[in-house]
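Here is the structure we will look at, set down as structure tokens.
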Amino acid sequence: MPYLIADELPNTSAGQRFREALARPGIYQLPGAHNGQAAIQGKQAGFEGLYLSGAAMTASMGLPDLGIITVDEVAFFIRQIVRASGLPLLVDGDTGYGEALNVMHMVRTFEDAGAGAVHLEDQILPKKCGHLNGKNLVPPHDMAAKVAAAKRASRDIVIVARTDAAAVEGYDAAVARAKLYVEAGADAIFPEALITRDMFEKFAQDMPGVPLLANMTEFGKTPFYTATEFEQMGYKMVIWPVSSLRVANKAQAELYAAIKRDGGTHNQVERMQTRQELYDTIGLHAFEELDASIVKTIVPEGIPQT
């Protein structure tokens with residue numbers, strides 16, 4: 001049912017629900033959802049949490065992932081995804097949008113918008129995707145100060161500290177930074193752009209008792225592993241950050257090419273979500289039932305032919 005019904009809303013915070021999911025046996029699977037529709041579809045597929053990627057979010061806005069969006073723009077995406085799905089959401093907080101006070105403002109804004117967890121990275125602005133070259137890092141203790149500030153601003157939201165050091169300063173530096181970030185208050189660690197199974201396994205061994213997040217992005221430096229394989233390596237969370245956007249964007253490009261080529265969409269109909277499927281996904285009739293003044297929609301059958 002719609003998020004408008006108070007009795008059907010969760011009684012606990014998103015942060016508490018995210019922590020409860022982390023405490024369960026198994027690996028917490030968090031597919032990326034770049035908008036509310038994707039969030040509903042992720043929930044309908046059976047997932048119990050979602051991820052909002054900065055790369056997917058900015059790409060959906062027609063922008064590169066260089067840390068040039070604002071806290072309020074991200075909060076808009078958080079609200080639509082949380083309202084649509086009701087699921088705990090891990091959000092990409094980039095570099096925190098500034099220093100300690102900015103990080104605290106980010107945490108408060110994201111938590112108030114409904115996020116269950118946020119990750120904060122140790123890059124210098126302008127930041128880059130973790131699987132690209134040319135990244136620069138802040139000094140470890142500067143990042144630790146940001147983590148401590150984030151933790152101080154948090155009520156329940158889970159603070160995940162991401163380190164990009166493996167690709168910049170080497171594996172040992174990544175572990176040292178991760179340990180420092182845990183000391184500063186991080187609830188979990190996200191070691192970005194590890195490139196072999198041995199690295200993933202060794203990192204888990206070097207961080208005993210700390211929940212770890214694995215990033216299974218396509219077209220990056222990490223080989224393909226399944227959720228089960230990451231769990232066996234010692235990881236507690238796994239994200240597929242941009243997958244939903246990649247599939248949607250590819251389909252849209254093919255649609256526009258077909259319209260240009262064929263003069264219409266008639267050759268693409270079989271690939272489309274039908275009107276009925278769309279209304280079922282977004283719960284149109286459930287919304288209509290909340291307002292007696294709205295006449296129930298009757299979905300046209302088929303497509304008229306000339």
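By convention in this document, the chains of the structure tokens carry letters A, B, ... by their order, each chain's residues are numbered from 1, and ligands are numbered from 1 in the order they are shown.
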### Query
Please, which residues of segment 19-88 of chain A, numbered as in this document, come out alpha helix (DSSP H) from DSSP, as a ChimeraX atom specification?
/A:19-23,36-44,54-60,71-85
Based on the selection just made, write N, CA, C and O atoms of those residues as a tab-separated table (two decimals), in the first residue's frame.
```tsv
chain	number	residue	atom	x	y	z
A	19	ARG	N	20.59	-1.93	10.90
A	19	ARG	CA	21.43	-2.64	11.86
A	19	ARG	C	20.90	-4.06	12.12
A	19	ARG	O	21.67	-5.01	12.25
A	20	GLU	N	19.58	-4.18	12.21
A	20	GLU	CA	18.98	-5.50	12.43
A	20	GLU	C	19.28	-6.43	11.26
A	20	GLU	O	19.56	-7.62	11.44
A	21	ALA	N	19.20	-5.90	10.04
A	21	ALA	CA	19.50	-6.71	8.86
A	21	ALA	C	20.96	-7.14	8.85
A	21	ALA	O	21.28	-8.28	8.49
A	22	LEU	N	21.85	-6.25	9.26
A	22	LEU	CA	23.27	-6.58	9.33
A	22	LEU	C	23.54	-7.67	10.37
A	22	LEU	O	24.47	-8.47	10.21
A	23	ALA	N	22.74	-7.69	11.42
A	23	ALA	CA	22.96	-8.65	12.51
A	23	ALA	C	22.47	-10.05	12.16
A	23	ALA	O	22.85	-11.02	12.84
A	36	GLY	N	12.58	5.88	-7.69
A	36	GLY	CA	11.53	5.20	-6.96
A	36	GLY	C	11.01	3.96	-7.66
A	36	GLY	O	10.70	2.95	-7.01
A	37	GLN	N	10.87	4.01	-8.98
A	37	GLN	CA	10.40	2.85	-9.73
A	37	GLN	C	11.36	1.66	-9.57
A	37	GLN	O	10.93	0.54	-9.31
A	38	ALA	N	12.65	1.92	-9.69
A	38	ALA	CA	13.64	0.86	-9.51
A	38	ALA	C	13.57	0.31	-8.09
A	38	ALA	O	13.74	-0.89	-7.86
A	39	ALA	N	13.31	1.19	-7.12
A	39	ALA	CA	13.22	0.76	-5.73
A	39	ALA	C	12.07	-0.22	-5.53
A	39	ALA	O	12.21	-1.24	-4.84
A	40	ILE	N	10.92	0.08	-6.11
A	40	ILE	CA	9.77	-0.83	-6.00
A	40	ILE	C	10.09	-2.17	-6.64
A	40	ILE	O	9.80	-3.23	-6.09
A	41	GLN	N	10.70	-2.13	-7.81
A	41	GLN	CA	11.03	-3.37	-8.51
A	41	GLN	C	12.05	-4.19	-7.73
A	41	GLN	O	11.97	-5.42	-7.70
A	42	GLY	N	13.00	-3.52	-7.08
A	42	GLY	CA	13.95	-4.23	-6.24
A	42	GLY	C	13.26	-4.92	-5.07
A	42	GLY	O	13.56	-6.07	-4.74
A	43	LYS	N	12.32	-4.23	-4.46
A	43	LYS	CA	11.56	-4.82	-3.36
A	43	LYS	C	10.73	-5.99	-3.84
A	43	LYS	O	10.67	-7.05	-3.20
A	44	GLN	N	10.07	-5.84	-5.00
A	44	GLN	CA	9.23	-6.91	-5.53
A	44	GLN	C	10.06	-8.14	-5.88
A	44	GLN	O	9.55	-9.26	-5.87
A	54	GLY	N	26.07	7.28	-5.88
A	54	GLY	CA	26.31	8.62	-6.39
A	54	GLY	C	26.54	8.61	-7.88
A	54	GLY	O	26.10	9.52	-8.59
A	55	ALA	N	27.21	7.57	-8.39
A	55	ALA	CA	27.45	7.48	-9.83
A	55	ALA	C	26.15	7.32	-10.60
A	55	ALA	O	25.94	7.97	-11.63
A	56	ALA	N	25.26	6.44	-10.12
A	56	ALA	CA	23.98	6.24	-10.80
A	56	ALA	C	23.10	7.48	-10.69
A	56	ALA	O	22.43	7.87	-11.65
A	57	MET	N	23.11	8.10	-9.53
A	57	MET	CA	22.29	9.29	-9.30
A	57	MET	C	22.72	10.42	-10.22
A	57	MET	O	21.90	11.03	-10.91
A	58	THR	N	24.01	10.71	-10.25
A	58	THR	CA	24.47	11.81	-11.09
A	58	THR	C	24.29	11.49	-12.57
A	58	THR	O	23.91	12.36	-13.36
A	59	ALA	N	24.54	10.24	-12.96
A	59	ALA	CA	24.36	9.86	-14.36
A	59	ALA	C	22.90	10.02	-14.77
A	59	ALA	O	22.61	10.45	-15.90
A	60	SER	N	21.97	9.70	-13.87
A	60	SER	CA	20.55	9.87	-14.19
A	60	SER	C	20.19	11.34	-14.35
A	60	SER	O	19.18	11.68	-14.98
A	71	VAL	N	23.86	18.18	-1.11
A	71	VAL	CA	23.19	17.35	-0.11
A	71	VAL	C	21.69	17.31	-0.37
A	71	VAL	O	21.07	16.24	-0.30
A	72	ASP	N	21.09	18.44	-0.67
A	72	ASP	CA	19.64	18.48	-0.87
A	72	ASP	C	19.21	17.72	-2.12
A	72	ASP	O	18.13	17.13	-2.15
A	73	GLU	N	20.04	17.74	-3.16
A	73	GLU	CA	19.72	16.96	-4.35
A	73	GLU	C	19.72	15.47	-4.04
A	73	GLU	O	18.85	14.72	-4.51
A	74	VAL	N	20.67	15.02	-3.25
A	74	VAL	CA	20.70	13.61	-2.85
A	74	VAL	C	19.49	13.27	-1.98
A	74	VAL	O	18.87	12.22	-2.13
A	75	ALA	N	19.13	14.18	-1.08
A	75	ALA	CA	17.99	13.94	-0.19
A	75	ALA	C	16.70	13.74	-0.98
A	75	ALA	O	15.83	12.95	-0.58
A	76	PHE	N	16.57	14.42	-2.11
A	76	PHE	CA	15.40	14.23	-2.97
A	76	PHE	C	15.32	12.79	-3.44
A	76	PHE	O	14.24	12.16	-3.43
A	77	PHE	N	16.46	12.22	-3.85
A	77	PHE	CA	16.48	10.83	-4.30
A	77	PHE	C	16.21	9.88	-3.13
A	77	PHE	O	15.51	8.87	-3.29
A	78	ILE	N	16.79	10.18	-1.97
A	78	ILE	CA	16.56	9.33	-0.80
A	78	ILE	C	15.08	9.24	-0.49
A	78	ILE	O	14.53	8.15	-0.29
A	79	ARG	N	14.42	10.40	-0.45
A	79	ARG	CA	13.00	10.41	-0.09
A	79	ARG	C	12.17	9.60	-1.06
A	79	ARG	O	11.28	8.84	-0.65
A	80	GLN	N	12.41	9.74	-2.37
A	80	GLN	CA	11.56	9.02	-3.31
A	80	GLN	C	11.80	7.51	-3.23
A	80	GLN	O	10.84	6.72	-3.32
A	81	ILE	N	13.03	7.09	-3.01
A	81	ILE	CA	13.32	5.66	-2.93
A	81	ILE	C	12.74	5.06	-1.66
A	81	ILE	O	12.13	3.97	-1.67
A	82	VAL	N	12.90	5.76	-0.54
A	82	VAL	CA	12.39	5.25	0.74
A	82	VAL	C	10.87	5.24	0.75
A	82	VAL	O	10.24	4.28	1.21
A	83	ARG	N	10.25	6.29	0.21
A	83	ARG	CA	8.79	6.33	0.16
A	83	ARG	C	8.24	5.23	-0.74
A	83	ARG	O	7.21	4.62	-0.44
A	84	ALA	N	8.90	4.98	-1.85
A	84	ALA	CA	8.40	4.00	-2.80
A	84	ALA	C	8.54	2.57	-2.29
A	84	ALA	O	7.66	1.74	-2.52
A	85	SER	N	9.63	2.29	-1.59
A	85	SER	CA	9.91	0.90	-1.21
A	85	SER	C	9.71	0.59	0.26
A	85	SER	O	9.41	-0.55	0.63
```
For segment 16-129 of chain A against segment 164-175 of chain A, with a cut-off of 8 Å and counting only C-alpha atoms, what is the closest atom pair and its distance in Å to one decimal for every residue that makes the cut, ordered by chain and number, as JSON lines?
```
{"residue": "A:Glu121", "atom": "CA", "partner": "A:Asp164", "partner_atom": "CA", "distance": 7.2}
{"residue": "A:Asp122", "atom": "CA", "partner": "A:Asp164", "partner_atom": "CA", "distance": 6.6}
{"residue": "A:Gln123", "atom": "CA", "partner": "A:Asp164", "partner_atom": "CA", "distance": 7.0}
```
### Task
Find the spatial neighbours of Gly67 of chain A, counting only C-alpha atoms, within a cut-off of 10 Å - ignore same-chain residues fewer than 4 positions away - and output them as an MDAnalysis selection string.
chainID A and resid 54:55 58 63 93:97 124:129
